[in-house]
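Take a look at the structure set out below.
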Amino acid sequence: MDYKKLLSHPLSKSSVDTIVENVLHNPDDFPALTRLLFADDNSTSRRALWACEKIAKRKSDRFSANDIRRVEQLCLTTTDAGKKRLGISLLLHLPLSEPLNVELINHCFEWMLSPRWPSGLQSIAMKYLSEVCTKEPGLTQELTAYLENAHPSDYYPAFIVARRNTLKALKKNSR
């Protein structure tokens, strides 16, 4: 299957599902798909991230530690907010890297708190940081402090809802 050709055009959910099923049934195709995460064309790369996220939901073991590091690096280097959001969303379905990527954690704090980023990226960065807190409880207090000090009037409703839910979950988990 020519994934580059397929992913270079707008896709429906069912088309992406077909690609995912094909890759799941043909594991040798997985590297061809993951190479497209780094395609020069942002649209192709975003569609590959979408497909990989769906694969990760079902078979996260397909992703090696190196694949995870490459996705982390993609999130850090791309200027496209959509690719950052999809990359973080993909990472949420994969094991956290060992050791934790401190640079990614720091950028997630920035993406979460800076009003210049879309609310979708802010919310997914917040969710990722919350996941990091389950592995590194020492960050819980820092994340809680940042969220408590984020003034709701500076953010979109999506951020405010995610903030409230994250604070609730952090308090529940710290008991």
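Order determines the names: the first chain of the structure tokens is A, the second B, and so forth; residues in each chain are numbered 1 upward, and ligands are numbered 1 upward as they are shown.
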Compile a residue-level contact table for stretch 29-101 of chain A against stretch 134-151 of chain A at a cut-off of 12 Å, reporting for every qualifying residue the shortest atom pair and its distance in Å to one decimal, with only C-alpha atoms counted, rows ordered by chain and ascending number, as a tab-separated table.
```
residue	atom	partner	partner_atom	distance
A:Pro95	CA	A:Lys135	CA	10.4
A:Leu96	CA	A:Lys135	CA	8.3
A:Ser97	CA	A:Lys135	CA	10.5
A:Glu98	CA	A:Lys135	CA	10.5
A:Pro99	CA	A:Lys135	CA	10.7
A:Leu100	CA	A:Glu136	CA	8.9
A:Asn101	CA	A:Glu136	CA	11.8
```
Could you please take those selected residues and save C-alpha atoms as a compact mmCIF listing (two decimals), in the first residue's frame?
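As written to disk, result-v9.txt reads:
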```
# COMPACT_ATOMS: atom_id res chain seq x y z
CA PRO A 95 4.62 4.42 27.66
CA LEU A 96 6.45 7.45 29.01
CA SER A 97 10.06 7.50 27.88
CA GLU A 98 12.85 6.46 30.23
CA PRO A 99 14.30 8.74 31.40
CA LEU A 100 11.57 11.33 31.13
CA ASN A 101 12.19 13.93 28.45
```
Leaving out stretch 54-57 of chain A and any residue of its chain fewer than 4 positions from it, which residues lie within 8 Å of it when counting only C-alpha atoms, given as a PyMOL selection string? chain A and resi 17+20+24+50+61-63+90+93-94
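The smallest atom-to-atom distance between A:Pro31 and any of A:Tyr3, A:His9, A:Lys127, A:Ser119, using only C-alpha atoms, is found for A:Tyr3.
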What parts of stretch 82-119 of chain A does DSSP call helix (DSSP H, G or I)? I'd like the answer as number ranges by chain. A: 82-91, 102-113, 119
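For the choices A:Ser114, A:Ser64, A:Gln122, A:Thr34, the atom-to-atom distance to A:Ile88 is smallest for A:Gln122 when using only C-alpha atoms.
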Just the residues within 10 Å of A:Phe159, please, counting only C-alpha atoms, with nothing from its chain fewer than 2 positions along; format it as a PDB file with N, CA and C atoms, in the first residue's frame.
```pdb
ATOM      1  N   MET A 112       1.000  24.782  27.523  1.00  0.00           N
ATOM      2  CA  MET A 112      -0.212  24.774  28.333  1.00  0.00           C
ATOM      3  C   MET A 112      -0.565  26.182  28.811  1.00  0.00           C
ATOM      4  N   LEU A 113       0.424  26.948  29.186  1.00  0.00           N
ATOM      5  CA  LEU A 113       0.160  28.233  29.837  1.00  0.00           C
ATOM      6  C   LEU A 113       0.132  29.434  28.908  1.00  0.00           C
ATOM      7  N   PRO A 115      -1.144  31.758  26.201  1.00  0.00           N
ATOM      8  CA  PRO A 115      -2.379  31.973  25.433  1.00  0.00           C
ATOM      9  C   PRO A 115      -2.156  32.034  23.922  1.00  0.00           C
ATOM     10  N   PRO A 118      -3.117  27.293  20.564  1.00  0.00           N
ATOM     11  CA  PRO A 118      -4.537  26.915  20.498  1.00  0.00           C
ATOM     12  C   PRO A 118      -4.957  26.131  21.749  1.00  0.00           C
ATOM     13  N   SER A 119      -6.216  26.256  22.099  1.00  0.00           N
ATOM     14  CA  SER A 119      -6.709  25.603  23.320  1.00  0.00           C
ATOM     15  C   SER A 119      -6.580  24.085  23.252  1.00  0.00           C
ATOM     16  N   GLY A 120      -6.646  23.503  22.055  1.00  0.00           N
ATOM     17  CA  GLY A 120      -6.475  22.061  21.923  1.00  0.00           C
ATOM     18  C   GLY A 120      -5.077  21.625  22.342  1.00  0.00           C
ATOM     19  N   LEU A 121      -4.067  22.386  21.952  1.00  0.00           N
ATOM     20  CA  LEU A 121      -2.691  22.079  22.351  1.00  0.00           C
ATOM     21  C   LEU A 121      -2.513  22.331  23.842  1.00  0.00           C
ATOM     22  N   GLN A 122      -3.087  23.417  24.348  1.00  0.00           N
ATOM     23  CA  GLN A 122      -2.985  23.695  25.779  1.00  0.00           C
ATOM     24  C   GLN A 122      -3.568  22.543  26.595  1.00  0.00           C
ATOM     25  N   SER A 123      -4.735  22.068  26.197  1.00  0.00           N
ATOM     26  CA  SER A 123      -5.425  21.012  26.946  1.00  0.00           C
ATOM     27  C   SER A 123      -4.686  19.681  26.877  1.00  0.00           C
ATOM     28  N   ILE A 124      -4.169  19.328  25.700  1.00  0.00           N
ATOM     29  CA  ILE A 124      -3.478  18.040  25.562  1.00  0.00           C
ATOM     30  C   ILE A 124      -2.131  18.081  26.279  1.00  0.00           C
ATOM     31  N   MET A 126      -1.611  19.782  28.991  1.00  0.00           N
ATOM     32  CA  MET A 126      -2.009  19.647  30.392  1.00  0.00           C
ATOM     33  C   MET A 126      -2.248  18.177  30.742  1.00  0.00           C
ATOM     34  N   ALA A 150      -3.174  30.089  37.084  1.00  0.00           N
ATOM     35  CA  ALA A 150      -3.600  30.488  35.736  1.00  0.00           C
ATOM     36  C   ALA A 150      -4.957  31.170  35.854  1.00  0.00           C
ATOM     37  N   PRO A 152      -8.384  32.266  34.861  1.00  0.00           N
ATOM     38  CA  PRO A 152      -9.333  31.779  33.847  1.00  0.00           C
ATOM     39  C   PRO A 152      -9.711  32.799  32.767  1.00  0.00           C
ATOM     40  N   ASP A 154      -7.922  34.646  31.135  1.00  0.00           N
ATOM     41  CA  ASP A 154      -6.901  34.707  30.094  1.00  0.00           C
ATOM     42  C   ASP A 154      -7.010  33.562  29.084  1.00  0.00           C
ATOM     43  N   TYR A 155      -7.941  32.619  29.316  1.00  0.00           N
ATOM     44  CA  TYR A 155      -7.976  31.394  28.522  1.00  0.00           C
ATOM     45  C   TYR A 155      -9.362  31.119  27.952  1.00  0.00           C
ATOM     46  N   TYR A 156      -9.380  30.237  26.954  1.00  0.00           N
ATOM     47  CA  TYR A 156     -10.623  29.792  26.339  1.00  0.00           C
ATOM     48  C   TYR A 156     -11.347  28.802  27.254  1.00  0.00           C
ATOM     49  N   PRO A 157     -12.643  28.628  27.043  1.00  0.00           N
ATOM     50  CA  PRO A 157     -13.409  27.691  27.880  1.00  0.00           C
ATOM     51  C   PRO A 157     -12.832  26.267  27.899  1.00  0.00           C
ATOM     52  N   VAL A 161     -12.093  24.241  31.432  1.00  0.00           N
ATOM     53  CA  VAL A 161     -12.675  22.936  31.777  1.00  0.00           C
ATOM     54  C   VAL A 161     -11.560  21.919  32.026  1.00  0.00           C
ATOM     55  N   ALA A 162     -10.565  21.884  31.142  1.00  0.00           N
ATOM     56  CA  ALA A 162      -9.447  20.951  31.314  1.00  0.00           C
ATOM     57  C   ALA A 162      -8.699  21.252  32.611  1.00  0.00           C
ATOM     58  N   ARG A 163      -8.528  22.522  32.918  1.00  0.00           N
ATOM     59  CA  ARG A 163      -7.849  22.941  34.157  1.00  0.00           C
ATOM     60  C   ARG A 163      -8.608  22.435  35.378  1.00  0.00           C
ATOM     61  N   ARG A 164      -9.914  22.667  35.384  1.00  0.00           N
ATOM     62  CA  ARG A 164     -10.735  22.224  36.513  1.00  0.00           C
ATOM     63  C   ARG A 164     -10.652  20.703  36.686  1.00  0.00           C
ATOM     64  N   ASN A 165     -10.797  19.960  35.598  1.00  0.00           N
ATOM     65  CA  ASN A 165     -10.752  18.496  35.674  1.00  0.00           C
ATOM     66  C   ASN A 165      -9.374  17.981  36.079  1.00  0.00           C
TER      67      ASN A 165
END
```
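Our summary of the geometry notes that atom CA of A:Ala65 is positioned 22.6 Å from atom CA of A:Glu21.
Distance annotation: of A:Val132, A:Ala32, A:Leu49, A:Ile160, the residue with the minimal separation from A:Gly87 is A:Leu49; atom set is only C-alpha atoms.
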What separation in Å, quoted to one decimal, exists between atom CA of A:Val23 and atom CA of A:Asn66? 18.9 Å
Here atom CA of A:Ala48 and atom CA of A:Thr166 stand apart by 28.5 Å
At a cut-off of 9 Å, using only C-alpha atoms, what residues contact A:Pro10? Leave out same-chain residues fewer than 2 positions from it and give the result as a ChimeraX atom specification. /A:6-8,12,43-44,47
May I have the residues from that selection written out with N, CA and C atoms, as a PDB file, in the first residue's frame?
```pdb
ATOM      1  N   LEU A   6      -1.693   7.868  -0.239  1.00  0.00           N
ATOM      2  CA  LEU A   6      -2.974   7.900   0.471  1.00  0.00           C
ATOM      3  C   LEU A   6      -3.068   9.084   1.438  1.00  0.00           C
ATOM      4  N   LEU A   7      -1.981   9.319   2.167  1.00  0.00           N
ATOM      5  CA  LEU A   7      -2.005  10.357   3.199  1.00  0.00           C
ATOM      6  C   LEU A   7      -1.761  11.758   2.652  1.00  0.00           C
ATOM      7  N   SER A   8      -1.464  11.862   1.393  1.00  0.00           N
ATOM      8  CA  SER A   8      -1.219  13.192   0.821  1.00  0.00           C
ATOM      9  C   SER A   8      -2.518  13.896   0.419  1.00  0.00           C
ATOM     10  N   SER A  12     -11.153  10.684   5.182  1.00  0.00           N
ATOM     11  CA  SER A  12     -12.253  10.534   6.124  1.00  0.00           C
ATOM     12  C   SER A  12     -11.783   9.613   7.252  1.00  0.00           C
ATOM     13  N   SER A  43       0.425  18.448   6.101  1.00  0.00           N
ATOM     14  CA  SER A  43      -0.852  17.732   6.038  1.00  0.00           C
ATOM     15  C   SER A  43      -0.630  16.222   6.040  1.00  0.00           C
ATOM     16  N   THR A  44       0.333  15.755   5.271  1.00  0.00           N
ATOM     17  CA  THR A  44       0.654  14.331   5.242  1.00  0.00           C
ATOM     18  C   THR A  44       1.137  13.875   6.611  1.00  0.00           C
ATOM     19  N   ARG A  47      -1.773  13.619   9.068  1.00  0.00           N
ATOM     20  CA  ARG A  47      -2.595  12.426   8.814  1.00  0.00           C
ATOM     21  C   ARG A  47      -1.882  11.159   9.275  1.00  0.00           C
TER      22      ARG A  47
END
```
